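Down below is the structure, laid out as structure tokens.
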Amino acid sequence: MSLSNGASNATLAQKKSQLPSPFDLDDYQILDKVYLSHLHDDEKCDKDVLFNIVSTVVLNRSTDSRVVVTSFQPEFRALKLISCQMIKTPHGLHYVHQTTMWILQQLKTYSWDAKALITLASFALEYGNLLYLTDVSTPNQLVNSLKQLNQVQNRKLPNNNYIGLVGDVIQHIKDWAMWSGYDTEEVPSLSDALQEIPVVVYWTIAFLVASTGNITGVSDYILSEFTERLSTVDNKLKEHLKRIKEQIDYANDYLRRKKAFSNPKDIVDFLKLLTHRNGSVAPQVYDGSDKNNKDIEVLRQKHVLLFISSLNRIDDEILLLNSIYDRLQENPEEIIKGYKKEDFNILWIPIVEDVWDDILKIKFNNLKNKIKWYALEYFNELPGIGIIRENLNYKADPIIPVINSQGEIINRDAMQLIFQWGIDAFPFRKIDGDDLTLKWKWFWDVAKKVNLGIQVKGDRYTFIYGGADKKWIQDFTLAVDTIKRHETIVRADAIIEYYQLGKDDPKIVPRFWIEIESKKLKKHQEGLDCKVQEIVKSLLCLKQDPQGWVILSKGSNIKHLGHADPMYETVKDFETWKDKVLQKEGFDIAFKEYYETKVKEIYARQPCATINVDNYDSNVLATITCPNPTCGRLMEVTSINYKCCHSDGSDGGNGKI
């Protein structure tokens with residue numbers, strides 16, 4: 001018998017030596033062991049009922065006692081089985097680990113919060129019994145007998161603070177479980193917290209096993225060592241829960257904004273969905289025209305070009321929008337396509353990734369001081385950044401959604417439209433760009449039909465020119481070639497090409513003009529026809545210039561039609577106006593400003609224009625208009641010449657386009 005007991009004790013000692021103490025394991029080792037014990041969480045557990053009951057017994061927290069629960073899952077037998085296993089656990093930290101893992105194995109099909117809660121309920125069977133017998137105020141014979149049977153006089157309850165900590169930990173696990181139904185893409189910290197949950201559950205159960213050993217008198221563990229480890233992992237969990245709560249609030253706020261975004265009250269409501277945090281004062285807007293901050297209400301009943309960008313490489317966009325702002329101020333009461341120019345404003349919403357970077361704040365202020373329009377005075381993460389990224393499709397490159405006064409998006413991104421067409425695209429809807437494309441499509445169809453060989457590419461500038469004066473042709477070609485290679489053009493990232501009509505094949509010249517004139521006879525799309533006829537008229541007027549003519553295009557957009565002298569003077573004087581190229585939104589805008597100056601200078605020196613019509617049929621004579629682009633009136637017939645003196649009374653039409 002003694003040999004048998006000796007062998008048994010040796011086996012027990014060997015088995016004990018193979019078991020780790022909980023304090024020998026780091027969090028990663030615990031996570032690995034505990035997670036392997038978890039299969040799934042399909043087992044039913046009435047967690048709310050159980051938590052309310054346990055809170056009354058163990059945590060001394062009031063619950064709704066009016067509702068009496070007669071049954072719940074898991075049943076008493078399952079709880080008692082775990083309680084008994086904790087009671088019979090031998091003394092030794094190794095056995096605490098063994099029982100903890102045994103309990104986790106028994107509860108392998110329960111959720112993580114249920115594992116901890118069921119173990120606490122099992123602990124409450126013994127703890128509650130001892131607590132009742134210790135605190136009962138009116139003992140009777142039955143109570144006294146039970147005290148003797150439970151040997152209350154030799155047993156001690158654990159510190160209430162330790163039990164309170166366990167209650168808090170259980171609540172934290174419940175909070176995580178309650179939130180775990182959210183999508184981890186929206187609440188990524190749920191996944192981070194899951195790395196801590198198995199460790200927290202392990203230390204919760206290990207503490208309860210050790211406490212049971214102390215209550216039954218089997219052991220005298222220093223429970224503060226367990227609560228120290230439990231508190232450490234719980235603090236990590238609380239940090240995750242804090243981030244989870246923030247992410248859930250953000251997700252819920254995003255859903256609220258997204259719902260409201262589909263039907264805003266007006267433009268101010270729309271802007272507040274992007275910029276206003278609930279419970280805070282609405283941000284102000286900086287007015288670049290007078291350098292003052294104003295209430296966002298200044299944009300009420302306005303249509304807004306919403307410039308959304310980072311702080312990086314937006315100088316070109318600022319120049320472009322400054323020019324658009326200037327053009328909106330010109331004749332502000334002008335109504336185009338039902339929209340009044342003065343009803344349009346531009347608002348910059350900066351997207352700042354690192355709001356704590358002082359260098360970025362300085363950069364923001366520097367950029368803000370360059371603009372003439374409004375900028376959101378807000379240097380934090382935007383409350384509506386999710387809407388901006390998903391609904392307005394902001395990725396990284398600048399965008400310009402156009403929002404009308406009712407808060408409706410009339411163009412999701414007018415950036416390319418404005419870069420290509422400028423103020424001509426007003427009021428900046430997609431259909432306005434389509435109209436402009438159709439306005440010039442016929443011209444490029446002509447170019448293709450007569451095989452000009454011009455390739456229309458993006459924002460490239462192309463000079464198309466011709467004429468009878470060979471010296472003018474030569475001088476103009478050299479001047480344009482000089483501009484093309486100029487360092488200012490390189491700095492402006494502009495590409496300039498030029499094409500002389502008929503240089504390689506003189507037969508193209510008459511074919512080109514015949515095709516142009518044929519458009520006078522063709523009926524175009526309703527509403528477009530008047531524009532096309534006006535352009536054809538202007539082109540045919542150019543043709544009459546005895547020296548030459550020039551067409552300047554930007555991509556497929558014909559930007560300027562010009563006569564020989566002012567066109568040559570403009571390209572020849574590039575050194576005079578080159579800086580304007582970098583100051584304006586494009587080469588074409590700077591070109592046009594200087595060209596118009598030269599037109600006034602040249603034709604001020606030439607008060608009358610004359611065209612010899614010896615070879616014209618007499619039926620044609622009455623229809624010739626003045627070639628001066630500032631005039632365009634019907635010319636006076638003087639013998640065999642047509643003559644127009646521009647300072648006379650305003651007879652006839654204006655030849656401008």
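To be explicit about the labels: the chains of the structure tokens are called A, B, and onward in the order shown, and within each one the residues are counted from 1, while ligands get numbers from 1 in the order they are shown.
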Run DSSP on the backbone of this structure and report the residues of segment 253-477 of chain A it assigns to helix (DSSP H, G or I), as a PyMOL selection string.
-> chain A and resi 253-261+267-275+296-299+315-329+341-343+358-368+385-390+415-425+430-449+470-477
Contact residues around segment 431-441 of chain A with only C-alpha atoms at 9 Å, ignoring same-chain residues under 2 positions, as a PyMOL selection string | chain A and resi 417-418+420-421+424-429+443-446+528-529+531-532+556-558
Kindly save the residues from that selection, with C-alpha atoms included, as a short mmCIF file (atom, residue, chain, number, x, y, z; two decimals), in the first residue's frame.
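Produced file selection-v8.cif, reproduced below:
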```
data_model
loop_
_atom_site.label_atom_id
_atom_site.label_comp_id
_atom_site.auth_asym_id
_atom_site.auth_seq_id
_atom_site.Cartn_x
_atom_site.Cartn_y
_atom_site.Cartn_z
CA LEU A 417 -13.99 71.00 -67.15
CA ILE A 418 -12.67 74.25 -65.64
CA GLN A 420 -10.12 72.89 -70.20
CA TRP A 421 -12.74 75.58 -70.73
CA ASP A 424 -16.60 79.49 -70.72
CA ALA A 425 -17.88 76.40 -68.87
CA PHE A 426 -20.13 78.50 -66.58
CA PRO A 427 -22.24 77.37 -64.73
CA PHE A 428 -19.86 74.38 -64.66
CA ARG A 429 -22.29 71.50 -65.09
CA PHE A 443 -14.36 72.55 -86.64
CA TRP A 444 -12.23 69.52 -85.76
CA ASP A 445 -14.36 67.42 -88.07
CA VAL A 446 -13.39 69.85 -90.84
CA LEU A 528 -26.12 75.27 -81.12
CA ASP A 529 -26.74 76.59 -84.63
CA LYS A 531 -23.17 79.74 -82.01
CA VAL A 532 -21.75 77.80 -84.95
CA SER A 556 -10.22 70.88 -78.46
CA ASN A 557 -11.24 74.29 -77.18
CA ILE A 558 -10.71 77.15 -79.64
#
```
Got a sec: who's within 6 Å of segment 228-245 of chain A, counting only C-alpha atoms, leaving out chain neighbours fewer than 5 positions off, as a list in words?
->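 The residues satisfying every condition are Ser189, Ala193, Val200 and Trp203 of chain A.
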Using 10 Å as the limit and counting only C-alpha atoms, can you tabulate each residue of segment 519-581 of chain A that touches segment 588-609 of chain A, with its shortest atom-to-atom distance in Å and the two atoms involved, as a tab-separated table?
```
residue	atom	partner	partner_atom	distance
A:Leu552	CA	A:Asp588	CA	8.0
A:Ser553	CA	A:Asp588	CA	8.4
A:Lys554	CA	A:Asp588	CA	7.6
A:Lys559	CA	A:Asp588	CA	7.0
A:His560	CA	A:Lys592	CA	7.3
A:Leu561	CA	A:Lys592	CA	9.9
A:Gly562	CA	A:Tyr595	CA	8.5
A:His563	CA	A:Val599	CA	8.9
A:Asp565	CA	A:Ile602	CA	7.7
A:Pro566	CA	A:Val599	CA	5.4
A:Met567	CA	A:Tyr595	CA	6.6
A:Tyr568	CA	A:Tyr595	CA	9.2
A:Glu569	CA	A:Lys598	CA	6.9
A:Thr570	CA	A:Tyr595	CA	5.5
A:Val571	CA	A:Phe591	CA	8.2
A:Asp573	CA	A:Tyr594	CA	9.0
A:Phe574	CA	A:Phe591	CA	8.7
A:Thr576	CA	A:Tyr594	CA	9.2
A:Trp577	CA	A:Tyr594	CA	7.1
A:Lys578	CA	A:Ala590	CA	8.1
A:Asp579	CA	A:Ala590	CA	8.8
A:Lys580	CA	A:Ala590	CA	5.5
A:Val581	CA	A:Ala590	CA	5.5
```
Go ahead and save the residues from that selection, with N, CA and C atoms, as a JSON list (two decimals), in the first residue's frame.
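Full text of selection_28.json as output:
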```
[["chain", "number", "residue", "atom", "x", "y", "z"],
["A", 552, "LEU", "N", -5.95, 80.02, -82.03],
["A", 552, "LEU", "CA", -5.25, 79.41, -80.88],
["A", 552, "LEU", "C", -6.22, 78.48, -80.16],
["A", 553, "SER", "N", -5.81, 77.22, -80.03],
["A", 553, "SER", "CA", -6.66, 76.25, -79.33],
["A", 553, "SER", "C", -5.94, 75.70, -78.10],
["A", 554, "LYS", "N", -6.73, 75.31, -77.15],
["A", 554, "LYS", "CA", -6.24, 74.58, -75.98],
["A", 554, "LYS", "C", -6.97, 73.26, -75.95],
["A", 559, "LYS", "N", -9.66, 78.87, -78.31],
["A", 559, "LYS", "CA", -9.64, 79.95, -77.32],
["A", 559, "LYS", "C", -9.66, 81.33, -77.97],
["A", 560, "HIS", "N", -8.94, 81.51, -79.10],
["A", 560, "HIS", "CA", -8.86, 82.84, -79.70],
["A", 560, "HIS", "C", -8.80, 82.76, -81.22],
["A", 561, "LEU", "N", -9.46, 83.70, -81.85],
["A", 561, "LEU", "CA", -9.34, 83.92, -83.29],
["A", 561, "LEU", "C", -8.73, 85.32, -83.45],
["A", 562, "GLY", "N", -7.63, 85.42, -84.19],
["A", 562, "GLY", "CA", -6.98, 86.72, -84.26],
["A", 562, "GLY", "C", -6.44, 87.08, -85.62],
["A", 563, "HIS", "N", -6.26, 88.38, -85.84],
["A", 563, "HIS", "CA", -5.73, 88.92, -87.09],
["A", 563, "HIS", "C", -4.21, 89.02, -87.04],
["A", 565, "ASP", "N", -1.61, 91.33, -87.58],
["A", 565, "ASP", "CA", -0.77, 92.29, -86.86],
["A", 565, "ASP", "C", -0.80, 92.11, -85.35],
["A", 566, "PRO", "N", -1.98, 92.16, -84.72],
["A", 566, "PRO", "CA", -1.98, 92.01, -83.26],
["A", 566, "PRO", "C", -1.49, 90.64, -82.79],
["A", 567, "MET", "N", -1.72, 89.61, -83.59],
["A", 567, "MET", "CA", -1.24, 88.28, -83.22],
["A", 567, "MET", "C", 0.30, 88.25, -83.24],
["A", 568, "TYR", "N", 0.87, 88.79, -84.28],
["A", 568, "TYR", "CA", 2.34, 88.81, -84.36],
["A", 568, "TYR", "C", 2.94, 89.68, -83.25],
["A", 569, "GLU", "N", 2.35, 90.85, -83.05],
["A", 569, "GLU", "CA", 2.87, 91.73, -82.00],
["A", 569, "GLU", "C", 2.82, 91.03, -80.63],
["A", 570, "THR", "N", 1.78, 90.26, -80.41],
["A", 570, "THR", "CA", 1.62, 89.56, -79.12],
["A", 570, "THR", "C", 2.71, 88.52, -78.92],
["A", 571, "VAL", "N", 2.96, 87.68, -79.92],
["A", 571, "VAL", "CA", 3.98, 86.64, -79.75],
["A", 571, "VAL", "C", 5.38, 87.25, -79.76],
["A", 573, "ASP", "N", 6.23, 90.09, -78.51],
["A", 573, "ASP", "CA", 6.48, 90.78, -77.24],
["A", 573, "ASP", "C", 6.38, 89.85, -76.04],
["A", 574, "PHE", "N", 6.59, 88.57, -76.24],
["A", 574, "PHE", "CA", 6.39, 87.61, -75.14],
["A", 574, "PHE", "C", 7.19, 87.98, -73.89],
["A", 576, "THR", "N", 7.64, 90.69, -72.64],
["A", 576, "THR", "CA", 6.93, 91.73, -71.90],
["A", 576, "THR", "C", 5.86, 91.15, -70.98],
["A", 577, "TRP", "N", 5.19, 90.10, -71.43],
["A", 577, "TRP", "CA", 4.07, 89.56, -70.66],
["A", 577, "TRP", "C", 4.27, 88.13, -70.16],
["A", 578, "LYS", "N", 5.51, 87.64, -70.25],
["A", 578, "LYS", "CA", 5.77, 86.23, -69.88],
["A", 578, "LYS", "C", 5.41, 85.91, -68.43],
["A", 579, "ASP", "N", 5.62, 86.88, -67.52],
["A", 579, "ASP", "CA", 5.33, 86.61, -66.10],
["A", 579, "ASP", "C", 3.85, 86.35, -65.87],
["A", 580, "LYS", "N", 3.00, 86.91, -66.73],
["A", 580, "LYS", "CA", 1.56, 86.71, -66.59],
["A", 580, "LYS", "C", 1.16, 85.25, -66.78],
["A", 581, "VAL", "N", 1.98, 84.51, -67.53],
["A", 581, "VAL", "CA", 1.69, 83.10, -67.77],
["A", 581, "VAL", "C", 1.66, 82.33, -66.45]]
```
I'd like to know which residues of segment 305-539 of chain A are strand (DSSP E) (by DSSP, run on the backbone); could you write them as a PDB file with N, CA and C atoms, in the first residue's frame?
```pdb
ATOM      1  N   LEU A 305     -18.654  76.295 -55.804  1.00  0.00           N
ATOM      2  CA  LEU A 305     -17.611  75.435 -56.362  1.00  0.00           C
ATOM      3  C   LEU A 305     -16.764  74.986 -55.181  1.00  0.00           C
ATOM      4  N   LEU A 306     -16.887  73.713 -54.827  1.00  0.00           N
ATOM      5  CA  LEU A 306     -16.269  73.192 -53.612  1.00  0.00           C
ATOM      6  C   LEU A 306     -14.898  72.605 -53.948  1.00  0.00           C
ATOM      7  N   PHE A 307     -13.868  73.376 -53.674  1.00  0.00           N
ATOM      8  CA  PHE A 307     -12.499  72.949 -53.967  1.00  0.00           C
ATOM      9  C   PHE A 307     -11.988  72.114 -52.791  1.00  0.00           C
ATOM     10  N   ILE A 308     -11.797  70.811 -53.021  1.00  0.00           N
ATOM     11  CA  ILE A 308     -11.349  69.886 -51.965  1.00  0.00           C
ATOM     12  C   ILE A 308      -9.973  69.362 -52.344  1.00  0.00           C
ATOM     13  N   SER A 309      -9.002  69.578 -51.457  1.00  0.00           N
ATOM     14  CA  SER A 309      -7.629  69.181 -51.796  1.00  0.00           C
ATOM     15  C   SER A 309      -6.787  69.049 -50.541  1.00  0.00           C
ATOM     16  N   ILE A 335     -26.603  86.996 -66.539  1.00  0.00           N
ATOM     17  CA  ILE A 335     -27.281  85.702 -66.405  1.00  0.00           C
ATOM     18  C   ILE A 335     -26.930  84.838 -67.605  1.00  0.00           C
ATOM     19  N   ILE A 336     -26.374  83.666 -67.325  1.00  0.00           N
ATOM     20  CA  ILE A 336     -25.983  82.720 -68.367  1.00  0.00           C
ATOM     21  C   ILE A 336     -26.656  81.384 -68.085  1.00  0.00           C
ATOM     22  N   TYR A 339     -28.404  81.106 -64.779  1.00  0.00           N
ATOM     23  CA  TYR A 339     -27.636  81.308 -63.553  1.00  0.00           C
ATOM     24  C   TYR A 339     -26.981  82.686 -63.564  1.00  0.00           C
ATOM     25  N   LYS A 340     -27.052  83.371 -62.437  1.00  0.00           N
ATOM     26  CA  LYS A 340     -26.416  84.680 -62.321  1.00  0.00           C
ATOM     27  C   LYS A 340     -25.001  84.499 -61.754  1.00  0.00           C
ATOM     28  N   PHE A 344     -22.513  82.700 -57.557  1.00  0.00           N
ATOM     29  CA  PHE A 344     -21.528  81.625 -57.435  1.00  0.00           C
ATOM     30  C   PHE A 344     -20.383  82.047 -56.516  1.00  0.00           C
ATOM     31  N   ASN A 345     -20.013  81.132 -55.614  1.00  0.00           N
ATOM     32  CA  ASN A 345     -18.850  81.327 -54.747  1.00  0.00           C
ATOM     33  C   ASN A 345     -17.943  80.106 -54.815  1.00  0.00           C
ATOM     34  N   ILE A 346     -16.704  80.313 -54.404  1.00  0.00           N
ATOM     35  CA  ILE A 346     -15.730  79.219 -54.360  1.00  0.00           C
ATOM     36  C   ILE A 346     -15.331  79.010 -52.901  1.00  0.00           C
ATOM     37  N   LEU A 347     -15.348  77.760 -52.441  1.00  0.00           N
ATOM     38  CA  LEU A 347     -14.962  77.431 -51.063  1.00  0.00           C
ATOM     39  C   LEU A 347     -13.932  76.320 -51.088  1.00  0.00           C
ATOM     40  N   TRP A 348     -12.834  76.558 -50.400  1.00  0.00           N
ATOM     41  CA  TRP A 348     -11.777  75.539 -50.275  1.00  0.00           C
ATOM     42  C   TRP A 348     -11.950  74.783 -48.972  1.00  0.00           C
ATOM     43  N   ILE A 349     -12.039  73.460 -49.082  1.00  0.00           N
ATOM     44  CA  ILE A 349     -12.025  72.590 -47.902  1.00  0.00           C
ATOM     45  C   ILE A 349     -10.705  71.824 -47.918  1.00  0.00           C
ATOM     46  N   PRO A 350      -9.746  72.209 -47.075  1.00  0.00           N
ATOM     47  CA  PRO A 350      -8.448  71.525 -47.063  1.00  0.00           C
ATOM     48  C   PRO A 350      -8.532  70.188 -46.328  1.00  0.00           C
ATOM     49  N   TYR A 374     -13.265  81.882 -50.637  1.00  0.00           N
ATOM     50  CA  TYR A 374     -13.434  81.395 -49.261  1.00  0.00           C
ATOM     51  C   TYR A 374     -12.612  80.128 -49.010  1.00  0.00           C
ATOM     52  N   ALA A 375     -12.189  80.001 -47.746  1.00  0.00           N
ATOM     53  CA  ALA A 375     -11.527  78.770 -47.294  1.00  0.00           C
ATOM     54  C   ALA A 375     -12.089  78.402 -45.930  1.00  0.00           C
ATOM     55  N   LEU A 376     -12.323  77.114 -45.725  1.00  0.00           N
ATOM     56  CA  LEU A 376     -12.809  76.656 -44.427  1.00  0.00           C
ATOM     57  C   LEU A 376     -11.729  76.884 -43.378  1.00  0.00           C
ATOM     58  N   VAL A 402     -19.576  70.771 -57.765  1.00  0.00           N
ATOM     59  CA  VAL A 402     -20.364  72.004 -57.845  1.00  0.00           C
ATOM     60  C   VAL A 402     -21.714  71.724 -57.195  1.00  0.00           C
ATOM     61  N   ILE A 403     -22.048  72.540 -56.164  1.00  0.00           N
ATOM     62  CA  ILE A 403     -23.261  72.328 -55.381  1.00  0.00           C
ATOM     63  C   ILE A 403     -24.170  73.536 -55.553  1.00  0.00           C
ATOM     64  N   ILE A 409     -25.909  68.250 -55.825  1.00  0.00           N
ATOM     65  CA  ILE A 409     -24.671  68.176 -56.596  1.00  0.00           C
ATOM     66  C   ILE A 409     -25.020  68.270 -58.075  1.00  0.00           C
ATOM     67  N   ILE A 410     -24.569  69.340 -58.726  1.00  0.00           N
ATOM     68  CA  ILE A 410     -24.867  69.480 -60.163  1.00  0.00           C
ATOM     69  C   ILE A 410     -23.670  69.073 -61.022  1.00  0.00           C
ATOM     70  N   ASN A 411     -22.524  68.875 -60.396  1.00  0.00           N
ATOM     71  CA  ASN A 411     -21.364  68.287 -61.083  1.00  0.00           C
ATOM     72  C   ASN A 411     -20.456  67.697 -60.024  1.00  0.00           C
ATOM     73  N   TYR A 461      -1.474  73.579 -76.262  1.00  0.00           N
ATOM     74  CA  TYR A 461      -1.844  74.781 -77.018  1.00  0.00           C
ATOM     75  C   TYR A 461      -1.350  74.629 -78.460  1.00  0.00           C
ATOM     76  N   THR A 462      -2.243  74.929 -79.399  1.00  0.00           N
ATOM     77  CA  THR A 462      -1.882  74.817 -80.813  1.00  0.00           C
ATOM     78  C   THR A 462      -2.232  76.103 -81.548  1.00  0.00           C
ATOM     79  N   PHE A 463      -1.216  76.669 -82.232  1.00  0.00           N
ATOM     80  CA  PHE A 463      -1.454  77.807 -83.125  1.00  0.00           C
ATOM     81  C   PHE A 463      -1.681  77.262 -84.543  1.00  0.00           C
ATOM     82  N   ILE A 464      -2.838  77.549 -85.112  1.00  0.00           N
ATOM     83  CA  ILE A 464      -3.125  77.237 -86.516  1.00  0.00           C
ATOM     84  C   ILE A 464      -3.177  78.580 -87.242  1.00  0.00           C
ATOM     85  N   TYR A 465      -2.381  78.716 -88.275  1.00  0.00           N
ATOM     86  CA  TYR A 465      -2.306  80.040 -88.906  1.00  0.00           C
ATOM     87  C   TYR A 465      -2.037  79.915 -90.407  1.00  0.00           C
ATOM     88  N   GLY A 466      -2.282  81.016 -91.102  1.00  0.00           N
ATOM     89  CA  GLY A 466      -2.050  81.051 -92.542  1.00  0.00           C
ATOM     90  C   GLY A 466      -2.226  82.464 -93.054  1.00  0.00           C
ATOM     91  N   ILE A 496       3.363  73.869 -76.300  1.00  0.00           N
ATOM     92  CA  ILE A 496       2.884  74.695 -77.406  1.00  0.00           C
ATOM     93  C   ILE A 496       3.321  74.079 -78.734  1.00  0.00           C
ATOM     94  N   GLU A 497       2.376  73.931 -79.645  1.00  0.00           N
ATOM     95  CA  GLU A 497       2.665  73.437 -80.981  1.00  0.00           C
ATOM     96  C   GLU A 497       2.098  74.437 -81.998  1.00  0.00           C
ATOM     97  N   TYR A 498       2.572  74.367 -83.237  1.00  0.00           N
ATOM     98  CA  TYR A 498       2.047  75.273 -84.257  1.00  0.00           C
ATOM     99  C   TYR A 498       1.944  74.558 -85.598  1.00  0.00           C
ATOM    100  N   TYR A 499       0.972  75.032 -86.380  1.00  0.00           N
ATOM    101  CA  TYR A 499       0.683  74.389 -87.668  1.00  0.00           C
ATOM    102  C   TYR A 499       0.331  75.467 -88.677  1.00  0.00           C
ATOM    103  N   GLN A 500       1.111  75.539 -89.766  1.00  0.00           N
ATOM    104  CA  GLN A 500       0.846  76.501 -90.838  1.00  0.00           C
ATOM    105  C   GLN A 500      -0.028  75.846 -91.892  1.00  0.00           C
TER     106      GLN A 500
END
```
What separation in Å, quoted to one decimal, exists between atom CA of Ile267 of chain A and atom CA of His303 of chain A?
->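 Between these atoms lies a distance of 7.5 Å.
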Enter the distance from atom CA of Tyr394 of chain A to atom CA of Asp358 of chain A, in Å, rounded to one decimal.
->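 Calculated distance between atom CA of Tyr394 of chain A and atom CA of Asp358 of chain A is 24.4 Å.
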Among the residues A:Asp316, A:Leu311, A:Thr275, A:Ile423, the one that comes closest to Glu377 of chain A [using only C-alpha atoms] =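 Ranking A:Asp316, A:Leu311, A:Thr275, A:Ile423 by distance to Glu377 of chain A, first place goes to A:Thr275.
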Of the candidates A:Val49, A:Gln406, A:Gln141, A:Lys584, which one gets nearest to Asp315 of chain A if we count only C-alpha atoms?
->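 Looking only at the distances to Asp315 of chain A, the closest residue turns out to be A:Lys584.
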What's around segment 211-216 of chain A at 10 Å? Count only C-alpha atoms, leave out sequence neighbours fewer than 5 positions away in its own chain, and write the answer as a tab-separated table (two decimals) with N, CA and C atoms, in the first residue's frame.
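Wrote part_10.tsv, looks like this:
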```tsv
chain	number	residue	atom	x	y	z
A	83	SER	N	-17.97	24.69	-10.12
A	83	SER	CA	-17.71	25.08	-8.73
A	83	SER	C	-16.96	23.99	-7.98
A	84	CYS	N	-17.41	22.76	-8.16
A	84	CYS	CA	-16.76	21.62	-7.48
A	84	CYS	C	-15.33	21.44	-7.96
A	85	GLN	N	-15.10	21.64	-9.26
A	85	GLN	CA	-13.75	21.50	-9.79
A	85	GLN	C	-12.82	22.55	-9.18
A	86	MET	N	-13.33	23.77	-9.00
A	86	MET	CA	-12.51	24.80	-8.37
A	86	MET	C	-12.24	24.47	-6.91
A	87	ILE	N	-13.26	23.92	-6.22
A	87	ILE	CA	-13.11	23.59	-4.79
A	87	ILE	C	-12.07	22.50	-4.59
A	88	LYS	N	-12.05	21.51	-5.46
A	88	LYS	CA	-11.16	20.37	-5.26
A	88	LYS	C	-9.78	20.55	-5.91
A	89	THR	N	-9.52	21.74	-6.43
A	89	THR	CA	-8.21	22.00	-7.01
A	89	THR	C	-7.14	21.97	-5.92
A	90	PRO	N	-6.10	21.16	-6.07
A	90	PRO	CA	-5.05	21.10	-5.05
A	90	PRO	C	-4.31	22.44	-4.93
A	91	HIS	N	-3.58	22.58	-3.84
A	91	HIS	CA	-2.79	23.79	-3.64
A	91	HIS	C	-1.61	23.80	-4.64
A	92	GLY	N	-1.36	24.97	-5.19
A	92	GLY	CA	-0.24	25.11	-6.13
A	92	GLY	C	-0.65	25.90	-7.36
A	96	VAL	N	-3.71	25.76	-10.38
A	96	VAL	CA	-4.60	26.86	-10.76
A	96	VAL	C	-4.66	26.96	-12.28
A	123	PHE	N	-18.44	30.42	-9.19
A	123	PHE	CA	-17.75	30.92	-8.00
A	123	PHE	C	-18.76	31.46	-6.99
A	124	ALA	N	-19.86	32.08	-7.51
A	124	ALA	CA	-20.85	32.70	-6.63
A	124	ALA	C	-21.59	31.66	-5.78
A	126	GLU	N	-20.34	29.13	-4.11
A	126	GLU	CA	-19.60	28.96	-2.86
A	126	GLU	C	-19.42	30.29	-2.13
A	127	TYR	N	-19.07	31.30	-2.90
A	127	TYR	CA	-18.84	32.61	-2.31
A	127	TYR	C	-20.13	33.15	-1.69
A	130	LEU	N	-21.07	31.38	1.63
A	130	LEU	CA	-20.24	31.83	2.75
A	130	LEU	C	-20.61	33.26	3.14
A	150	ASN	N	-20.27	24.32	7.21
A	150	ASN	CA	-19.41	25.04	6.27
A	150	ASN	C	-18.13	25.56	6.92
A	151	GLN	N	-17.98	25.31	8.22
A	151	GLN	CA	-16.78	25.72	8.96
A	151	GLN	C	-16.46	27.20	8.70
A	152	VAL	N	-17.50	28.00	8.86
A	152	VAL	CA	-17.39	29.43	8.57
A	152	VAL	C	-16.32	30.09	9.41
A	154	ASN	N	-13.48	29.15	10.19
A	154	ASN	CA	-12.11	28.93	9.72
A	154	ASN	C	-11.87	29.47	8.31
A	155	ARG	N	-12.84	30.16	7.76
A	155	ARG	CA	-12.73	30.59	6.36
A	155	ARG	C	-12.82	32.12	6.26
A	156	LYS	N	-12.25	32.62	5.16
A	156	LYS	CA	-12.17	34.07	5.01
A	156	LYS	C	-12.55	34.47	3.59
A	157	LEU	N	-13.37	35.50	3.50
A	157	LEU	CA	-13.78	36.01	2.19
A	157	LEU	C	-12.67	36.86	1.58
A	158	PRO	N	-12.55	36.84	0.24
A	158	PRO	CA	-11.53	37.68	-0.41
A	158	PRO	C	-11.90	39.16	-0.30
A	159	ASN	N	-10.90	40.01	-0.48
A	159	ASN	CA	-11.08	41.46	-0.42
A	159	ASN	C	-12.15	41.90	-1.43
A	162	TYR	N	-11.06	43.26	-4.76
A	162	TYR	CA	-10.67	42.27	-5.78
A	162	TYR	C	-11.91	41.77	-6.53
A	163	ILE	N	-12.96	41.52	-5.76
A	163	ILE	CA	-14.21	41.05	-6.38
A	163	ILE	C	-14.79	42.15	-7.27
A	205	ILE	N	-10.64	33.87	-14.85
A	205	ILE	CA	-10.92	32.52	-14.35
A	205	ILE	C	-9.84	32.08	-13.37
A	206	ALA	N	-8.57	32.37	-13.68
A	206	ALA	CA	-7.47	31.99	-12.78
A	206	ALA	C	-7.64	32.65	-11.42
A	221	TYR	N	-3.23	31.77	-1.47
A	221	TYR	CA	-2.61	32.53	-2.55
A	221	TYR	C	-2.62	34.03	-2.24
A	222	ILE	N	-1.61	34.72	-2.75
A	222	ILE	CA	-1.58	36.19	-2.64
A	222	ILE	C	-2.40	36.71	-3.82
A	223	LEU	N	-3.65	36.99	-3.55
A	223	LEU	CA	-4.56	37.34	-4.64
A	223	LEU	C	-4.18	38.64	-5.33
A	226	PHE	N	-2.57	38.07	-8.57
A	226	PHE	CA	-3.50	37.76	-9.66
A	226	PHE	C	-4.19	39.03	-10.16
```
Residue among A:Gln301, A:Asn451, A:Ser310, A:Asn278 lying closest to Gly384 of chain A, counting only C-alpha atoms |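 Between A:Gln301, A:Asn451, A:Ser310, A:Asn278, the residue approaching Gly384 of chain A most closely is A:Asn278.
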Selected residue, from A:Leu104, A:Ile324, A:Ile351, A:Ile516, that lies nearest to Ala396 of chain A when counting only C-alpha atoms =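 Counting only C-alpha atoms, the residue closest to Ala396 of chain A is A:Ile351.
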A:Val480, A:Leu117, A:Ala492, A:Val450: which is nearest Val550 of chain A, counting only C-alpha atoms?
-> A:Val480
